[in-house]
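Source file: my_file.cif (mmCIF, C-alpha atoms)
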data_work
loop_
_atom_site.group_PDB
_atom_site.id
_atom_site.type_symbol
_atom_site.label_atom_id
_atom_site.label_comp_id
_atom_site.auth_asym_id
_atom_site.auth_seq_id
_atom_site.Cartn_x
_atom_site.Cartn_y
_atom_site.Cartn_z
ATOM 1 C CA MET A 257 -54.657 88.712 148.579
ATOM 2 C CA GLU A 258 -55.870 85.179 149.320
ATOM 3 C CA GLU A 259 -59.321 85.882 147.906
ATOM 4 C CA ASN A 260 -57.837 87.489 144.821
ATOM 5 C CA SER A 261 -55.751 84.452 143.968
ATOM 6 C CA THR A 262 -58.789 82.200 144.561
ATOM 7 C CA GLN A 263 -60.865 84.311 142.177
ATOM 8 C CA HIS A 264 -58.030 84.419 139.677
ATOM 9 C CA SER A 265 -57.673 80.650 139.769
ATOM 10 C CA LYS A 266 -61.456 80.242 139.360
ATOM 11 C CA TYR A 267 -61.331 81.966 135.970
ATOM 12 C CA GLU A 268 -58.025 80.423 134.977
ATOM 13 C CA THR A 269 -59.532 77.016 135.824
ATOM 14 C CA ALA A 270 -62.540 77.768 133.627
ATOM 15 C CA LEU A 271 -60.269 78.816 130.744
ATOM 16 C CA ALA A 272 -57.975 75.813 131.197
ATOM 17 C CA LYS A 273 -60.778 73.502 130.019
ATOM 18 C CA TYR A 274 -60.558 75.066 126.559
ATOM 19 C CA ASN A 275 -57.924 75.342 123.892
ATOM 20 C CA THR A 276 -56.957 79.020 124.130
ATOM 21 C CA ARG A 277 -53.441 78.777 122.705
ATOM 22 C CA LEU A 278 -54.222 79.662 119.135
ATOM 23 C CA ASN A 279 -51.949 80.568 116.248
ATOM 24 C CA ASP A 280 -53.220 83.574 114.305
ATOM 25 C CA ALA A 281 -51.704 82.356 111.026
ATOM 26 C CA ASP A 282 -53.441 78.970 111.386
ATOM 27 C CA ILE A 283 -56.790 80.682 111.931
ATOM 28 C CA GLN A 284 -56.228 82.834 108.866
ATOM 29 C CA ALA A 285 -55.421 79.767 106.766
ATOM 30 C CA GLN A 286 -58.562 77.949 107.950
ATOM 31 C CA VAL A 287 -60.711 80.979 107.135
ATOM 32 C CA GLU A 288 -59.121 81.365 103.690
ATOM 33 C CA ALA A 289 -59.847 77.687 102.975
ATOM 34 C CA LEU A 290 -63.500 78.152 103.973
ATOM 35 C CA LYS A 291 -63.811 81.283 101.847
ATOM 36 C CA ALA A 292 -62.273 79.550 98.835
ATOM 37 C CA GLY A 293 -64.140 76.280 99.169
ATOM 38 C CA LYS A 294 -67.555 76.977 100.695
ATOM 39 C CA VAL A 295 -68.818 80.547 100.233
ATOM 40 C CA ALA A 296 -69.788 80.260 96.542
ATOM 41 C CA GLN A 297 -72.271 77.443 97.214
ATOM 42 C CA ASN A 298 -74.093 79.638 99.759
ATOM 43 C CA ASN A 299 -74.569 82.468 97.262
ATOM 44 C CA THR A 300 -78.260 81.701 96.745
ATOM 45 C CA GLU A 301 -81.486 83.669 96.966
ATOM 46 C CA GLU A 302 -82.655 81.432 99.816
ATOM 47 C CA VAL A 303 -79.565 82.215 101.918
ATOM 48 C CA LYS A 304 -79.878 85.959 101.208
ATOM 49 C CA LYS A 305 -83.515 85.913 102.328
ATOM 50 C CA PHE A 306 -82.453 84.081 105.479
ATOM 51 C CA LEU A 307 -79.679 86.621 106.146
ATOM 52 C CA PHE A 308 -82.134 89.495 105.786
ATOM 53 C CA ASN A 309 -84.282 87.880 108.494
ATOM 54 C CA CYS A 310 -81.215 87.808 110.795
ATOM 55 C CA ILE A 311 -80.492 91.543 110.605
ATOM 56 C CA ASP A 312 -80.432 93.721 113.697
ATOM 57 C CA LEU A 313 -81.321 96.893 111.775
ATOM 58 C CA THR A 314 -79.212 99.480 113.527
ATOM 59 C CA THR A 315 -79.067 103.241 113.943
ATOM 60 C CA LEU A 316 -76.435 104.438 116.418
ATOM 61 C CA ASN A 317 -75.642 107.985 115.386
ATOM 62 C CA SER A 318 -75.084 111.066 117.498
ATOM 63 C CA THR A 319 -77.593 112.751 115.174
ATOM 64 C CA ASP A 320 -80.425 110.288 115.988
ATOM 65 C CA ASN A 321 -83.512 111.970 117.422
ATOM 66 C CA ASP A 322 -87.104 111.007 118.231
ATOM 67 C CA GLU A 323 -88.314 111.861 114.747
ATOM 68 C CA SER A 324 -85.527 110.036 112.890
ATOM 69 C CA VAL A 325 -85.927 106.898 115.018
ATOM 70 C CA MET A 326 -89.697 106.981 114.500
ATOM 71 C CA HIS A 327 -89.164 107.194 110.729
ATOM 72 C CA PHE A 328 -86.587 104.370 110.904
ATOM 73 C CA THR A 329 -89.125 102.166 112.735
ATOM 74 C CA GLU A 330 -91.957 103.068 110.353
ATOM 75 C CA LYS A 331 -89.888 101.701 107.454
ATOM 76 C CA VAL A 332 -89.873 98.336 109.238
ATOM 77 C CA ASN A 333 -93.672 98.581 109.621
ATOM 78 C CA GLN A 334 -94.038 99.265 105.887
ATOM 79 C CA PHE A 335 -91.730 96.434 104.873
ATOM 80 C CA ASP A 336 -94.386 93.691 105.126
ATOM 81 C CA ASP A 337 -96.681 95.566 102.704
ATOM 82 C CA GLU A 338 -93.914 96.317 100.210
ATOM 83 C CA PHE A 339 -92.208 92.902 100.368
ATOM 84 C CA PRO A 340 -94.946 90.422 101.393
ATOM 85 C CA ASP A 341 -92.903 87.408 100.236
ATOM 86 C CA LEU A 342 -89.928 88.215 102.504
ATOM 87 C CA LYS A 343 -89.495 87.791 106.246
ATOM 88 C CA ASN A 344 -88.784 91.050 108.051
ATOM 89 C CA VAL A 345 -85.630 91.943 109.990
ATOM 90 C CA ALA A 346 -84.997 90.263 113.362
ATOM 91 C CA ALA A 347 -84.631 93.395 115.501
ATOM 92 C CA ILE A 348 -84.291 97.150 115.575
ATOM 93 C CA CYS A 349 -81.196 98.289 117.495
ATOM 94 C CA VAL A 350 -81.021 101.818 118.966
ATOM 95 C CA TYR A 351 -79.582 103.793 121.865
ATOM 96 C CA PRO A 352 -81.478 103.177 125.146
ATOM 97 C CA ASN A 353 -83.166 106.576 125.215
ATOM 98 C CA PHE A 354 -85.079 105.597 122.056
ATOM 99 C CA ALA A 355 -86.479 102.259 123.274
ATOM 100 C CA ASP A 356 -89.887 103.776 124.029
ATOM 101 C CA ILE A 357 -90.048 105.474 120.612
ATOM 102 C CA VAL A 358 -89.458 102.139 118.882
ATOM 103 C CA LYS A 359 -91.915 100.354 121.174
ATOM 104 C CA ASN A 360 -94.660 102.923 120.538
ATOM 105 C CA THR A 361 -94.042 103.056 116.777
ATOM 106 C CA LEU A 362 -93.438 99.379 115.961
ATOM 107 C CA GLN A 363 -96.577 97.653 114.690
ATOM 108 C CA VAL A 364 -95.108 94.410 113.381
ATOM 109 C CA ASP A 365 -95.115 91.270 115.497
ATOM 110 C CA GLY A 366 -92.012 89.208 116.137
ATOM 111 C CA ILE A 367 -89.418 91.975 115.845
ATOM 112 C CA HIS A 368 -87.194 92.506 118.844
ATOM 113 C CA ILE A 369 -86.189 95.851 120.304
ATOM 114 C CA ALA A 370 -82.464 95.852 121.039
ATOM 115 C CA CYS A 371 -80.582 98.589 122.863
ATOM 116 C CA VAL A 372 -76.887 99.182 123.311
ATOM 117 C CA ALA A 373 -76.275 99.898 126.987
ATOM 118 C CA GLY A 374 -73.715 99.581 129.752
ATOM 119 C CA GLY A 375 -71.550 102.520 128.727
ATOM 120 C CA PHE A 376 -71.538 101.703 125.008
ATOM 121 C CA PRO A 377 -69.227 101.880 123.074
ATOM 122 C CA SER A 378 -66.235 102.133 125.462
ATOM 123 C CA SER A 379 -67.702 100.379 128.532
ATOM 124 C CA GLN A 380 -65.737 102.916 130.573
ATOM 125 C CA THR A 381 -68.181 103.887 133.295
ATOM 126 C CA PHE A 382 -69.357 102.791 136.746
ATOM 127 C CA ILE A 383 -71.096 99.426 137.063
ATOM 128 C CA GLU A 384 -73.970 101.272 138.791
ATOM 129 C CA VAL A 385 -74.433 103.368 135.640
ATOM 130 C CA LYS A 386 -74.292 100.254 133.437
ATOM 131 C CA VAL A 387 -76.950 98.528 135.551
ATOM 132 C CA ALA A 388 -79.174 101.621 135.602
ATOM 133 C CA GLU A 389 -78.911 102.129 131.838
ATOM 134 C CA THR A 390 -79.724 98.471 131.192
ATOM 135 C CA ALA A 391 -82.692 98.477 133.595
ATOM 136 C CA LEU A 392 -84.091 101.728 132.164
ATOM 137 C CA ALA A 393 -83.818 100.419 128.590
ATOM 138 C CA ILE A 394 -85.722 97.263 129.541
ATOM 139 C CA ALA A 395 -88.358 99.276 131.423
ATOM 140 C CA ASP A 396 -88.867 101.357 128.257
ATOM 141 C CA GLY A 397 -89.410 98.314 126.047
ATOM 142 C CA ALA A 398 -86.047 96.795 125.095
ATOM 143 C CA ASP A 399 -86.067 93.006 125.098
ATOM 144 C CA GLU A 400 -82.417 92.606 124.069
ATOM 145 C CA ILE A 401 -79.416 94.436 125.496
ATOM 146 C CA ASP A 402 -76.040 94.733 123.758
ATOM 147 C CA ILE A 403 -73.205 95.607 126.163
ATOM 148 C CA VAL A 404 -69.442 95.884 125.691
ATOM 149 C CA LEU A 405 -67.106 93.673 127.670
ATOM 150 C CA SER A 406 -64.724 95.757 129.821
ATOM 151 C CA VAL A 407 -61.871 95.452 127.341
ATOM 152 C CA GLY A 408 -59.384 97.429 129.421
ATOM 153 C CA LYS A 409 -59.980 95.227 132.469
ATOM 154 C CA PHE A 410 -59.735 92.093 130.320
ATOM 155 C CA LEU A 411 -56.404 93.145 128.789
ATOM 156 C CA ALA A 412 -55.095 93.925 132.276
ATOM 157 C CA GLY A 413 -55.963 90.364 133.338
ATOM 158 C CA ASP A 414 -58.749 91.454 135.712
ATOM 159 C CA TYR A 415 -61.103 88.648 134.711
ATOM 160 C CA GLU A 416 -62.984 88.875 137.986
ATOM 161 C CA THR A 417 -64.298 92.386 137.320
ATOM 162 C CA VAL A 418 -65.048 91.525 133.686
ATOM 163 C CA CYS A 419 -67.096 88.474 134.669
ATOM 164 C CA ASP A 420 -68.792 90.044 137.688
ATOM 165 C CA GLU A 421 -70.053 92.904 135.518
ATOM 166 C CA ILE A 422 -71.487 90.569 132.880
ATOM 167 C CA GLN A 423 -73.171 88.453 135.575
ATOM 168 C CA GLU A 424 -74.712 91.530 137.182
ATOM 169 C CA LEU A 425 -75.986 92.845 133.855
ATOM 170 C CA LYS A 426 -77.426 89.439 132.960
ATOM 171 C CA GLU A 427 -79.261 89.420 136.302
ATOM 172 C CA THR A 428 -80.620 92.870 135.422
ATOM 173 C CA CYS A 429 -81.784 91.552 132.030
ATOM 174 C CA LYS A 430 -83.526 88.526 133.595
ATOM 175 C CA GLU A 431 -85.184 86.617 130.715
ATOM 176 C CA ASN A 432 -84.240 89.280 128.169
ATOM 177 C CA HIS A 433 -81.281 88.426 125.963
ATOM 178 C CA LEU A 434 -77.868 89.825 126.825
ATOM 179 C CA LYS A 435 -75.438 90.197 123.930
ATOM 180 C CA VAL A 436 -71.827 90.774 124.954
ATOM 181 C CA ILE A 437 -69.667 92.693 122.471
ATOM 182 C CA LEU A 438 -66.030 91.610 122.675
ATOM 183 C CA GLU A 439 -64.617 94.462 120.533
ATOM 184 C CA THR A 440 -62.401 91.888 118.862
ATOM 185 C CA GLY A 441 -60.324 94.494 116.997
ATOM 186 C CA ALA A 442 -58.958 95.712 120.343
ATOM 187 C CA LEU A 443 -58.129 92.259 121.736
ATOM 188 C CA GLY A 444 -54.991 91.788 119.668
ATOM 189 C CA SER A 445 -54.904 88.025 119.111
ATOM 190 C CA ALA A 446 -56.991 84.948 118.389
ATOM 191 C CA SER A 447 -56.088 83.596 121.845
ATOM 192 C CA ASN A 448 -57.503 86.693 123.537
ATOM 193 C CA ILE A 449 -60.675 86.508 121.424
ATOM 194 C CA LYS A 450 -61.125 82.870 122.477
ATOM 195 C CA LYS A 451 -60.599 83.711 126.159
ATOM 196 C CA ALA A 452 -62.972 86.679 126.054
ATOM 197 C CA SER A 453 -65.606 84.528 124.312
ATOM 198 C CA ILE A 454 -65.395 81.843 126.993
ATOM 199 C CA LEU A 455 -65.459 84.276 129.912
ATOM 200 C CA ALA A 456 -68.483 86.090 128.442
ATOM 201 C CA MET A 457 -70.421 82.828 127.977
ATOM 202 C CA TYR A 458 -69.323 81.549 131.388
ATOM 203 C CA SER A 459 -70.742 84.750 132.909
ATOM 204 C CA GLY A 460 -74.169 84.461 131.276
ATOM 205 C CA ALA A 461 -74.019 85.939 127.767
ATOM 206 C CA ASP A 462 -76.891 84.750 125.561
ATOM 207 C CA PHE A 463 -75.004 85.995 122.487
ATOM 208 C CA ILE A 464 -71.437 87.008 121.821
ATOM 209 C CA LYS A 465 -70.906 89.781 119.290
ATOM 210 C CA THR A 466 -67.756 90.875 117.470
ATOM 211 C CA SER A 467 -67.702 94.658 117.542
ATOM 212 C CA THR A 468 -69.351 97.987 118.299
ATOM 213 C CA GLY A 469 -68.691 99.280 114.799
ATOM 214 C CA LYS A 470 -67.150 102.353 116.464
ATOM 215 C CA GLN A 471 -63.580 101.016 116.390
ATOM 216 C CA GLN A 472 -61.378 99.628 113.605
ATOM 217 C CA PRO A 473 -60.872 96.873 112.770
ATOM 218 C CA ALA A 474 -64.498 95.891 113.356
ATOM 219 C CA ALA A 475 -65.814 92.415 112.508
ATOM 220 C CA THR A 476 -63.396 90.097 110.706
ATOM 221 C CA PRO A 477 -63.932 86.542 109.455
ATOM 222 C CA GLU A 478 -60.978 85.415 111.592
ATOM 223 C CA ALA A 479 -62.557 86.772 114.790
ATOM 224 C CA ALA A 480 -65.875 85.190 113.800
ATOM 225 C CA TYR A 481 -64.209 81.825 113.255
ATOM 226 C CA VAL A 482 -62.560 81.883 116.694
ATOM 227 C CA MET A 483 -65.808 82.959 118.386
ATOM 228 C CA CYS A 484 -67.815 80.219 116.665
ATOM 229 C CA GLU A 485 -65.211 77.632 117.679
ATOM 230 C CA ALA A 486 -65.549 78.898 121.274
ATOM 231 C CA ILE A 487 -69.359 78.655 121.106
ATOM 232 C CA LYS A 488 -69.074 75.100 119.775
ATOM 233 C CA GLU A 489 -66.642 74.007 122.517
ATOM 234 C CA TYR A 490 -68.751 75.702 125.194
ATOM 235 C CA TYR A 491 -71.864 73.904 123.917
ATOM 236 C CA GLN A 492 -70.062 70.544 123.911
ATOM 237 C CA LYS A 493 -68.978 71.056 127.535
ATOM 238 C CA THR A 494 -72.125 72.649 128.996
ATOM 239 C CA GLY A 495 -75.049 71.901 126.684
ATOM 240 C CA ASN A 496 -75.760 75.664 126.494
ATOM 241 C CA LYS A 497 -76.299 77.155 123.060
ATOM 242 C CA VAL A 498 -75.009 80.713 122.807
ATOM 243 C CA GLY A 499 -75.785 82.899 119.802
ATOM 244 C CA PHE A 500 -73.314 84.654 117.504
ATOM 245 C CA LYS A 501 -73.533 88.162 116.037
ATOM 246 C CA PRO A 502 -70.998 89.727 113.693
ATOM 247 C CA ALA A 503 -71.360 93.525 113.560
ATOM 248 C CA GLY A 504 -69.394 96.493 112.316
ATOM 249 C CA GLY A 505 -67.957 96.894 108.836
ATOM 250 C CA ILE A 506 -70.304 94.423 107.133
ATOM 251 C CA ASN A 507 -70.583 96.388 103.922
ATOM 252 C CA THR A 508 -71.276 93.858 101.175
ATOM 253 C CA VAL A 509 -73.452 90.837 100.523
ATOM 254 C CA THR A 510 -70.262 88.797 100.165
ATOM 255 C CA ASP A 511 -69.231 89.810 103.708
ATOM 256 C CA ALA A 512 -72.557 88.502 104.998
ATOM 257 C CA LEU A 513 -72.194 85.254 103.024
ATOM 258 C CA ILE A 514 -68.748 84.702 104.567
ATOM 259 C CA TYR A 515 -70.173 85.005 108.111
ATOM 260 C CA TYR A 516 -73.073 82.711 107.187
ATOM 261 C CA THR A 517 -70.574 80.156 105.850
ATOM 262 C CA ILE A 518 -68.478 80.270 109.032
ATOM 263 C CA VAL A 519 -71.548 79.689 111.223
ATOM 264 C CA LYS A 520 -72.787 76.869 108.979
ATOM 265 C CA GLU A 521 -69.411 75.097 108.801
ATOM 266 C CA VAL A 522 -68.311 75.542 112.427
ATOM 267 C CA LEU A 523 -71.608 75.420 114.329
ATOM 268 C CA GLY A 524 -73.891 73.653 111.872
ATOM 269 C CA GLU A 525 -77.516 73.908 110.791
ATOM 270 C CA GLU A 526 -78.760 74.169 114.402
ATOM 271 C CA TRP A 527 -77.397 77.723 114.561
ATOM 272 C CA LEU A 528 -78.934 78.804 111.258
ATOM 273 C CA ASN A 529 -81.949 80.624 112.708
ATOM 274 C CA ASN A 530 -82.378 84.157 114.002
ATOM 275 C CA GLN A 531 -82.647 82.954 117.597
ATOM 276 C CA LEU A 532 -78.923 82.080 117.475
ATOM 277 C CA PHE A 533 -77.532 84.099 114.571
ATOM 278 C CA ARG A 534 -77.802 87.856 113.981
ATOM 279 C CA ILE A 535 -76.010 90.388 111.837
ATOM 280 C CA GLY A 536 -75.672 93.946 113.118
ATOM 281 C CA THR A 537 -75.769 96.438 110.286
ATOM 282 C CA SER A 538 -77.531 99.396 108.756
ATOM 283 C CA ARG A 539 -76.099 99.150 105.221
ATOM 284 C CA LEU A 540 -76.683 95.507 104.458
ATOM 285 C CA ALA A 541 -80.501 95.531 104.363
ATOM 286 C CA ASN A 542 -80.733 97.488 101.091
ATOM 287 C CA LEU A 543 -77.849 95.523 99.550
ATOM 288 C CA LEU A 544 -79.514 92.180 100.286
ATOM 289 C CA LEU A 545 -82.885 93.439 98.996
ATOM 290 C CA SER A 546 -81.221 94.672 95.803
ATOM 291 C CA ASP A 547 -79.498 91.323 95.316
ATOM 292 C CA ILE A 548 -82.683 89.333 95.942
ATOM 293 C CA ARG A 549 -84.725 91.504 93.556
ATOM 294 C CA GLY A 550 -82.000 91.969 90.930
ATOM 295 C CA GLU A 551 -82.354 95.778 90.915
ATOM 296 C CA GLU A 552 -81.109 98.596 93.099
ATOM 297 C CA ILE A 553 -83.417 99.086 96.091
ATOM 298 C CA LYS A 554 -83.029 101.880 98.645
ATOM 299 C CA PHE A 555 -85.899 101.035 100.945
ATOM 300 C CA PHE A 556 -84.258 101.648 104.333
#
Spit out the file's structure as structure tokens when you get a sec.
Amino acid sequence: MEENSTQHSKYETALAKYNTRLNDADIQAQVEALKAGKVAQNNTEEVKKFLFNCIDLTTLNSTDNDESVMHFTEKVNQFDDEFPDLKNVAAICVYPNFADIVKNTLQVDGIHIACVAGGFPSSQTFIEVKVAETALAIADGADEIDIVLSVGKFLAGDYETVCDEIQELKETCKENHLKVILETGALGSASNIKKASILAMYSGADFIKTSTGKQQPAATPEAAYVMCEAIKEYYQKTGNKVGFKPAGGINTVTDALIYYTIVKEVLGEEWLNNQLFRIGTSRLANLLLSDIRGEEIKFF
């Protein structure tokens, strides 16, 4: 019991350094003000080209197979020939059993191979399985791993298990980036999103990500705002820059512009690069290309 209370106080002490008592209505008002006052000025071709270069181009379907993933990757190879004036996507994101297919098919430099692992999308499995899945994905070529925070444990107040798991998976990743998905739609409040953000960063996350896309609601501007505020506070206190990735339900160019605006206004220009800002999506690539070119494009 003694050790438990010590551990509990360790995480409570970490959280106490931050403002985690948030009012959901206040957050909504701040986001509405940003949307009304700042998004329109970011609706430029330059910003859309930048956003395209921040995409984690994603296929996470139960119907994925070796052939479909190979074809998906070959489209990324062809992109440079078809659109020589545009920068390519940032990463290709697949299930871990396809990491080697992407690695063996990808011919373009500078594009990361990301895998969802650790019992994605529910995170409901043994830590040994999460570690094994992460290690196998990296061995097969993944250089970024997207895991889901143990939401059930978090909501039950078991911060120790939540944080220990993230630390262990970060150790498994070594220098490879670990993105921690908070599944913000399941967390229930801005205060919980802030706490989960801080605990994930405290435990070694290189990126924090909104959602799996497998649960509704997925990404929301309000969740993004709270997460970016957490990243900013964490940076001010520790000097560590953690990346931000909205994902799930990003269906329009306007959605993407809203997330860009939040990052720009809360975190500033330093975060406006694809080392610290990603967008997880499969739909958005064609929409951005169509907008940039002024005609409907169905390339991906």
Could you check the closest approach to A:Val295 for each of A:Glu400, A:Glu268, A:Glu521, A:Asp414 and tell me which residue wins, using only C-alpha atoms? A:Glu521
Explicit residue set for the PyMOL selection byres ((chain A and resi 325) around 9), as a list in words: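 For this structure, the PyMOL selection byres ((chain A and resi 325) around 9) resolves to Thr315, Asp320, Asn321, Asp322, Glu323, Ser324, Met326, His327, Phe328, Thr329, Glu330, Val350, Phe354, Ile357 and Val358 of chain A.
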Which of A:Val385, A:Val332, A:Ala289, A:Leu540 sits closest to A:Leu362 [using only C-alpha atoms]: A:Val332
Specify as an NGL selection string each residue included when the PyMOL selection byres ((chain A and resi 417) around 12) is applied to this file. :A and (260 or 263-264 or 267 or 382-383 or 405-416 or 418-424 or 455-456 or 459)
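Pairwise distance (atom CA of A:Lys294, atom CA of A:Thr276) equals 25.8 Å.
The residues returned by the PyMOL selection byres ((chain A and resi 280) around 12) for this structure are Thr276, Arg277, Leu278, Asn279, Ala281, Asp282, Ile283, Gln284, Ala285, Gln286, Val287, Gly444, Ser445, Ala446, Ser447, Asn448, Ile449, Lys450, Glu478, Ala479, Tyr481 and Val482 of chain A.
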Ranking A:Asn275, A:Asn299, A:Thr440, A:Thr319 by minimum distance to A:Lys470 and counting all atoms listed in the file, which one comes first?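 When distances to A:Lys470 are compared using all atoms listed in the file, the smallest one comes from A:Thr440.
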Neighbouring residues of A:Gly374 were defined as those with any atom within 9 Å, considering all atoms listed in the file; residues of the same chain fewer than 6 positions away were excluded. Please report them as a ChimeraX atom specification. /A:380-383,385-390,401-404,425
Could you please take those selected residues and save C-alpha atoms as a short mmCIF file (atom, residue, chain, number, x, y, z; two decimals), keeping the file's coordinate frame?
data_model
loop_
_atom_site.label_atom_id
_atom_site.label_comp_id
_atom_site.auth_asym_id
_atom_site.auth_seq_id
_atom_site.Cartn_x
_atom_site.Cartn_y
_atom_site.Cartn_z
CA GLN A 380 -65.74 102.92 130.57
CA THR A 381 -68.18 103.89 133.29
CA PHE A 382 -69.36 102.79 136.75
CA ILE A 383 -71.10 99.43 137.06
CA VAL A 385 -74.43 103.37 135.64
CA LYS A 386 -74.29 100.25 133.44
CA VAL A 387 -76.95 98.53 135.55
CA ALA A 388 -79.17 101.62 135.60
CA GLU A 389 -78.91 102.13 131.84
CA THR A 390 -79.72 98.47 131.19
CA ILE A 401 -79.42 94.44 125.50
CA ASP A 402 -76.04 94.73 123.76
CA ILE A 403 -73.20 95.61 126.16
CA VAL A 404 -69.44 95.88 125.69
CA LEU A 425 -75.99 92.84 133.85
#
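The closest residue to A:Trp527, picked from A:Lys497, A:Leu307, A:Ala370, A:Pro377 and counting only C-alpha atoms, is A:Lys497.
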For A:Gly366, list every protein, DNA or RNA residue within 12 Å, evaluated using only C-alpha atoms, and leave out those in the same chain fewer than 4 positions away; present the list as a ChimeraX atom specification. /A:309,332-333,343-348,362,399,530-531
When you draw a straight line from atom CA of A:Thr428 to atom CA of A:Gly375, how long is it in Å?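 Value for the atom CA of A:Thr428-atom CA of A:Gly375 distance: 14.8 Å.
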Output as JSON the centre and edge lengths (Å, one decimal) of the box along x, y and z of the file that holds every listed atom of stretch 488-503 of chain A after adding 4 Å on each side.
{"center_x": -71.5, "center_y": 82.0, "center_z": 121.3, "size_x": 17.7, "size_y": 31.0, "size_z": 23.4}
Taking into account only C-alpha atoms, which residue in the set A:Lys266, A:Lys465, A:Arg534, A:Lys488 is nearest to A:Leu438?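 Using only C-alpha atoms, the shortest distance to A:Leu438 belongs to A:Lys465.
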Restricting the calculation to all atoms listed in the file: of A:Ser378, A:Gln363, A:Thr466, A:Thr510, which residue gets closest to A:Leu544?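 The answer is A:Thr510, which sits nearest to A:Leu544.
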